[in-house]
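A.B. asks: Before I ask anything, here is the structure I am working with.
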Amino acid sequence: MMHTARIRRLLSRLALCLLGALAGASIWAIGETWNAPGWPHGVFLAVLVLVCVQASVSLALAGPVAVRRAVPGALLIALPVTALASWAGHRHGDPMALLDQPWMVSMMALMVFLAAPFLLVWLRDPGKWRSYAVLFETAWTMTARYLIAWAFVAVFWALLFLSDAVLSLVDVRVLSDLLEREWLALILSGTVLGLGLAVVHELSDTLSPFLVLRLLRLLVLPVLVVMLVFLGAVPLRGVVNLFGEVSPASTLMVSAIVAISLVSIAVERDDTLSVDTRVQRASTRALALTVPFLAGLALWAVSLRVIQHGWTPDRVLAALVCAVLLIYGTGYAAAVLMRGDWTGRIRLVNVVLGLGTMIVCALWLTPVLNADRIASNSQLARFAKGKTDLDALPLWAMGHDWGKAGQTGLERLAGMTEHPDHAAIVERITHLRDQANPFRFEQVILDQRAPEELAALVAEMPVQPAGEGLTLAELEGLPDYRRLQWLEACRRVLPGGGPGCVMVRGQFLPADAPQAMVLFLENGQTHASYVIFDADEVTVHEAYDPVGRSWPLLSPEAIAQAQRGAFQLKPRPGLALHIGGRVLEAGR
């Protein structure tokens, strides 16, 4: 009996190693035929997706079920995902451009990740594919198995490179020569991955993910405290102010996902394993109730961005994720607030919404949720109604990232012959098609706007002392970002009225070139820059306070004081600007 078990174990390992090796060889073969004549990119995309999904799902299924069932069973996921990917690929002139869009790849990966546990349970026992207890254990075991196996692959390669380094000390280059062959590297990686998956499955009774889940349970109460503090602070400070430069919507979505994950971990597969103390159960219920608030705030934050700037594919995806999270949160809240078996209701919500999320992922790859089309129509509608100007249109993204829908949008834009900016529109679209990258395109636009913006800066920036001025010739070498920074500041209004900028001229260093200090308003504070007007370029440094030993930020009142002439220029041995209780001299 023991001898038979060993043979079966050995055959299982060999089968998984062979499966992994075939996966690696297939991926290498596809890569080698990438630019082969007569190999349409649409066919290449379909074959690549089919091989990757088929290989990953087959390896995930093999072990818990026999290889002879795992391989054909994996087709139940691989074929629909491949068909959807091919359908979505038609959105682009080159179908392979689909793989350059992270959100598309993420949706395909999420669909595979969610579907695999359902498929594995169905293959093992068709009657239990909706059983949360079985699905929960299968999903976590599958995830842990894959993570450990990939860690084994990483250790294998680390040891291989170390061995090569050791052998190279005695001029033995066998491993180096082997590692240069890409086909061998992929086949080796697949083989080692298959071996790792086989061994982890053999030890599934001892290598359980439930130890990690029990540890994660301990985070429910700390996370709850953080969420409650945040939600309590929102009415006092507002969402945007709470996050500073970090995207509020992204932070809120991640927080909601963390809360959903911890609640699911806390309720476990059934009541015999779920949290059982009064504090843990109360904390889990309270954390479940924070999810709809977090998801709702995230959706509100995305809505504000859409109202201000219109739809983009990223915002369509963000809104979709927020909507799914809000449905999760609503389901969790209903489960917790109703009397009776609240943990059982949460498990039911997880099963139903797990299937629902797969459907949403599938729809994302169909014309029903074509984010490129939605974004293009939104941007054109806003432009036609005068809600946005030409500078704010994401022309490069429309022409290069938003597929056929973006190209159609550009054609419609060029057809707006009655629009007052039609000539500029056609010129920009021409530049868009001539430039190789977005940076060159942006530079062309900046160069076109420079004369007009420099003239506006000369007209709008106050200059002190009285009688001093500023000329276009002096500003010709000003860097683009400085020009935009100062012009935007000049168009901000100080609390007492007046522009949010001022220039104070003076020889702050003993040099022949004209010099000045520029004070400008940004993010509610006054920044100070030291400027040298050389013949060929304008050099800008941050002004330095030698008394406070800092590069200071002043109050907006400092600009108003300078505009009134309420400052002093004193020698240090050059000049220093004394204003608002600070001393500003030339920075380096």
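Letters A, B, ... go to the chains of the structure tokens in the order shown; residues in each chain start at 1; ligands are counted from 1 in the same order.
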With only C-alpha atoms as the counted atoms, please give the residues lying no more than 12 Å from Ala513 of chain A, apart from itself and same-chain residues fewer than 3 positions off, as a list of chain:residue names.
C.D. replies: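 Listed by chain and then number, they are A:Glu474, A:Arg505, A:Gly506, A:Gln507, A:Phe508, A:Leu509, A:Pro510, A:Ala516, A:Val531, A:Ile532, A:Phe533, A:Asp534, A:Ala535, A:Asp536, A:Glu537, A:Val538, A:Thr539.
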A.B. asks: Could you please take those selected residues and save N, CA and C atoms as a PDB file, in the first residue's frame?
C.D. replies:
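Now in out-v3.pdb:
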```pdb
ATOM      1  N   GLU A 474      13.855  89.400 -21.834  1.00  0.00           N
ATOM      2  CA  GLU A 474      14.452  88.847 -20.609  1.00  0.00           C
ATOM      3  C   GLU A 474      13.898  87.462 -20.293  1.00  0.00           C
ATOM      4  N   ARG A 505      13.136  93.486  -8.301  1.00  0.00           N
ATOM      5  CA  ARG A 505      14.405  93.497  -9.017  1.00  0.00           C
ATOM      6  C   ARG A 505      15.508  94.048  -8.142  1.00  0.00           C
ATOM      7  N   GLY A 506      16.711  93.554  -8.328  1.00  0.00           N
ATOM      8  CA  GLY A 506      17.870  94.018  -7.581  1.00  0.00           C
ATOM      9  C   GLY A 506      19.050  93.112  -7.844  1.00  0.00           C
ATOM     10  N   GLN A 507      20.248  93.635  -7.591  1.00  0.00           N
ATOM     11  CA  GLN A 507      21.465  92.849  -7.797  1.00  0.00           C
ATOM     12  C   GLN A 507      21.771  92.085  -6.507  1.00  0.00           C
ATOM     13  N   PHE A 508      21.179  90.915  -6.387  1.00  0.00           N
ATOM     14  CA  PHE A 508      21.295  90.145  -5.146  1.00  0.00           C
ATOM     15  C   PHE A 508      22.641  89.448  -5.033  1.00  0.00           C
ATOM     16  N   LEU A 509      23.359  89.335  -6.144  1.00  0.00           N
ATOM     17  CA  LEU A 509      24.738  88.856  -6.144  1.00  0.00           C
ATOM     18  C   LEU A 509      25.573  89.839  -6.955  1.00  0.00           C
ATOM     19  N   PRO A 510      26.861  90.008  -6.604  1.00  0.00           N
ATOM     20  CA  PRO A 510      27.717  90.926  -7.372  1.00  0.00           C
ATOM     21  C   PRO A 510      28.043  90.352  -8.746  1.00  0.00           C
ATOM     22  N   ALA A 516      16.571  89.212  -9.902  1.00  0.00           N
ATOM     23  CA  ALA A 516      15.300  89.542  -9.246  1.00  0.00           C
ATOM     24  C   ALA A 516      14.921  88.438  -8.280  1.00  0.00           C
ATOM     25  N   VAL A 531      16.242  84.799  -9.337  1.00  0.00           N
ATOM     26  CA  VAL A 531      16.280  84.685 -10.783  1.00  0.00           C
ATOM     27  C   VAL A 531      17.460  85.470 -11.343  1.00  0.00           C
ATOM     28  N   ILE A 532      18.186  84.859 -12.294  1.00  0.00           N
ATOM     29  CA  ILE A 532      19.263  85.523 -13.031  1.00  0.00           C
ATOM     30  C   ILE A 532      18.876  85.553 -14.507  1.00  0.00           C
ATOM     31  N   PHE A 533      18.805  86.746 -15.093  1.00  0.00           N
ATOM     32  CA  PHE A 533      18.442  86.902 -16.499  1.00  0.00           C
ATOM     33  C   PHE A 533      19.709  86.931 -17.351  1.00  0.00           C
ATOM     34  N   ASP A 534      20.251  85.748 -17.659  1.00  0.00           N
ATOM     35  CA  ASP A 534      21.410  85.674 -18.546  1.00  0.00           C
ATOM     36  C   ASP A 534      20.981  85.940 -19.977  1.00  0.00           C
ATOM     37  N   ALA A 535      21.958  86.094 -20.846  1.00  0.00           N
ATOM     38  CA  ALA A 535      21.659  86.408 -22.237  1.00  0.00           C
ATOM     39  C   ALA A 535      20.931  85.258 -22.928  1.00  0.00           C
ATOM     40  N   ASP A 536      21.309  84.009 -22.627  1.00  0.00           N
ATOM     41  CA  ASP A 536      20.747  82.858 -23.334  1.00  0.00           C
ATOM     42  C   ASP A 536      19.669  82.117 -22.556  1.00  0.00           C
ATOM     43  N   GLU A 537      19.665  82.221 -21.242  1.00  0.00           N
ATOM     44  CA  GLU A 537      18.688  81.488 -20.454  1.00  0.00           C
ATOM     45  C   GLU A 537      18.395  82.215 -19.157  1.00  0.00           C
ATOM     46  N   VAL A 538      17.282  81.851 -18.562  1.00  0.00           N
ATOM     47  CA  VAL A 538      16.899  82.389 -17.262  1.00  0.00           C
ATOM     48  C   VAL A 538      17.133  81.288 -16.237  1.00  0.00           C
ATOM     49  N   THR A 539      18.001  81.587 -15.259  1.00  0.00           N
ATOM     50  CA  THR A 539      18.328  80.601 -14.220  1.00  0.00           C
ATOM     51  C   THR A 539      17.527  80.916 -12.964  1.00  0.00           C
TER      52      THR A 539
END
```
A.B. asks: List as a PyMOL selection string the protein and nucleic acid residues near Gln443 of chain A, meaning an atom at most 12 Å away when only C-alpha atoms are counted, but skip any in the same chain fewer than 4 places from it.
C.D. replies: chain A and resi 428+431-432+435-439+447-450+479-481
A.B. asks: If we count only C-alpha atoms, what is near Val518 of chain A at a cut-off of 6 Å, once residues fewer than 6 positions away on the same chain are taken out, given as a compact mmCIF listing (two decimals) with C-alpha atoms, in the first residue's frame?
C.D. replies:
```
# COMPACT_ATOMS: atom_id res chain seq x y z
CA VAL A 502 5.32 89.89 -7.71
CA MET A 503 8.88 90.48 -8.94
CA ALA A 528 10.33 82.70 -3.26
CA SER A 529 12.72 82.20 -6.19
```
A.B. asks: Please report as CSV every residue of segment 377-406 of chain A lying within 12 Å of segment 412-420 of chain A, along with the nearest atom pair and their distance in Å (one decimal), using only C-alpha atoms.
C.D. replies:
```
residue,atom,partner,partner_atom,distance
A:Asn377,CA,A:Arg412,CA,9.8
A:Gln379,CA,A:Leu413,CA,10.0
A:Leu380,CA,A:Leu413,CA,7.0
A:Ala381,CA,A:Leu413,CA,10.1
A:Arg382,CA,A:Leu413,CA,11.6
A:Phe383,CA,A:Leu413,CA,9.0
A:Ala384,CA,A:His419,CA,7.9
A:Lys385,CA,A:His419,CA,10.4
A:Gly386,CA,A:His419,CA,10.0
A:Asp389,CA,A:Pro420,CA,11.1
A:Leu390,CA,A:Leu413,CA,10.4
A:Leu393,CA,A:Leu413,CA,10.5
A:Leu395,CA,A:Leu413,CA,10.0
A:Met398,CA,A:Leu413,CA,10.8
A:Gly399,CA,A:Leu413,CA,11.5
A:Ala405,CA,A:Arg412,CA,10.5
A:Gly406,CA,A:Arg412,CA,9.8
```
A.B. asks: Restrict the selected residues to N, CA and C atoms and save them as a CSV table (one decimal), in the first residue's frame.
C.D. replies:
```csv
chain,number,residue,atom,x,y,z
A,377,ASN,N,-16.6,59.9,-25.9
A,377,ASN,CA,-17.8,60.6,-26.0
A,377,ASN,C,-17.9,61.7,-24.9
A,379,GLN,N,-15.5,63.4,-23.3
A,379,GLN,CA,-14.6,64.5,-23.5
A,379,GLN,C,-15.0,65.3,-24.7
A,380,LEU,N,-15.5,64.7,-25.8
A,380,LEU,CA,-16.0,65.5,-26.9
A,380,LEU,C,-17.3,66.3,-26.5
A,381,ALA,N,-18.2,65.7,-25.7
A,381,ALA,CA,-19.4,66.4,-25.3
A,381,ALA,C,-19.0,67.6,-24.5
A,382,ARG,N,-18.1,67.5,-23.6
A,382,ARG,CA,-17.7,68.6,-22.7
A,382,ARG,C,-17.1,69.7,-23.6
A,383,PHE,N,-16.2,69.3,-24.5
A,383,PHE,CA,-15.6,70.3,-25.4
A,383,PHE,C,-16.6,71.1,-26.2
A,384,ALA,N,-17.6,70.3,-26.8
A,384,ALA,CA,-18.6,70.9,-27.6
A,384,ALA,C,-19.5,71.9,-26.8
A,385,LYS,N,-19.7,71.6,-25.6
A,385,LYS,CA,-20.5,72.5,-24.7
A,385,LYS,C,-19.8,73.6,-24.0
A,386,GLY,N,-18.4,73.6,-24.3
A,386,GLY,CA,-17.6,74.7,-23.7
A,386,GLY,C,-17.2,74.5,-22.2
A,389,ASP,N,-11.5,73.3,-22.3
A,389,ASP,CA,-10.9,73.9,-23.5
A,389,ASP,C,-10.0,73.0,-24.2
A,390,LEU,N,-9.4,73.4,-25.3
A,390,LEU,CA,-8.5,72.5,-26.1
A,390,LEU,C,-7.3,72.0,-25.3
A,393,LEU,N,-8.0,68.8,-23.2
A,393,LEU,CA,-8.4,67.6,-23.9
A,393,LEU,C,-7.3,66.6,-23.9
A,395,LEU,N,-5.7,64.6,-25.8
A,395,LEU,CA,-5.5,64.3,-27.2
A,395,LEU,C,-4.6,63.1,-27.4
A,398,MET,N,-6.3,59.9,-26.5
A,398,MET,CA,-7.3,59.6,-27.5
A,398,MET,C,-6.7,59.0,-28.8
A,399,GLY,N,-5.6,59.6,-29.2
A,399,GLY,CA,-5.0,59.1,-30.4
A,399,GLY,C,-4.2,57.9,-30.3
A,405,ALA,N,-12.0,53.9,-30.7
A,405,ALA,CA,-13.0,54.9,-30.2
A,405,ALA,C,-12.3,56.2,-30.1
A,406,GLY,N,-11.0,56.2,-29.6
A,406,GLY,CA,-10.3,57.5,-29.5
A,406,GLY,C,-10.0,58.1,-30.9
```
A.B. asks: Mind checking DSSP for segment 503-566 of chain A and telling me the helix (DSSP H, G or I) residues as JSON, numbers by chain?
C.D. replies: {"A": [557, 558, 559, 560, 561, 562, 563, 564]}
A.B. asks: Would you mind exporting C-alpha atoms of the selected residues as a PDB file, in the first residue's frame?
C.D. replies:
```
ATOM      1  CA  GLU A 557       0.443  88.692   2.779  1.00  0.00           C
ATOM      2  CA  ALA A 558       4.154  88.846   1.806  1.00  0.00           C
ATOM      3  CA  ILE A 559       3.150  89.191  -1.861  1.00  0.00           C
ATOM      4  CA  ALA A 560       0.745  92.013  -1.074  1.00  0.00           C
ATOM      5  CA  GLN A 561       3.460  93.754   0.968  1.00  0.00           C
ATOM      6  CA  ALA A 562       5.912  93.515  -1.908  1.00  0.00           C
ATOM      7  CA  GLN A 563       3.318  94.866  -4.347  1.00  0.00           C
ATOM      8  CA  ARG A 564       2.837  97.893  -2.044  1.00  0.00           C
TER       9      ARG A 564
END
```
A.B. asks: Pick from A:Thr277, A:Ser376, A:Thr357, A:Thr290: nearest to Val316 of chain A, with only C-alpha atoms counted?
C.D. replies: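 Looking at the shortest contact to Val316 of chain A, the residue is A:Ser376.
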A.B. asks: Can you pull out the residues contacting Val220 of chain A? Cut-off 9 Å, using only C-alpha atoms, and skip same-chain residues under 4 positions away; I want them as a list in words.
C.D. replies: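 That gives Leu216, Leu224, Val225, Ala259, Leu262, Val263, Ala266, Gln280, Ser283, Thr284 and Leu287 of chain A.
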A.B. asks: Between atom CA of Leu120 of chain A and atom CA of Ala15 of chain A, what is the distance, to one decimal in Å?
C.D. replies: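 Atom CA of Leu120 of chain A sits 18.0 Å away from atom CA of Ala15 of chain A.
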A.B. asks: Which residues are near Ala70 of chain A? Cut-off 9 Å, only C-alpha atoms, ignore same chain within fewer than 5 positions. Put them as a PyMOL selection string.
C.D. replies: chain A and resi 57-65+75+120+123
A.B. asks: Do a neighbour search on Leu110 of chain A at 12 Å with only C-alpha atoms, toss out local chain neighbours closer than 6 positions, and write the hits as a VMD selection string.
C.D. replies: chain A and resid 53 77 81 102 to 104 116 354 to 355 357 to 362 364
A.B. asks: Give me every strand (DSSP E or B) residue in segment 386-574 of chain A, going by DSSP on the backbone, as a VMD selection string.
C.D. replies: chain A and resid 463 to 464 493 499 501 to 505 515 to 522 525 to 533 538 to 542 544 to 545 550 554 568 to 571
A.B. asks: Between atom CA of His92 of chain A and atom CA of Gly24 of chain A, what distance in Å does the model show, to one decimal?
C.D. replies: 28.2 Å
A.B. asks: Between A:Leu203, A:Leu184, A:Ala198, A:Val155, which has the minimum distance to Ile27 of chain A (counting only C-alpha atoms)?
C.D. replies: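 Ranking A:Leu203, A:Leu184, A:Ala198, A:Val155 by distance to Ile27 of chain A, first place goes to A:Leu184.
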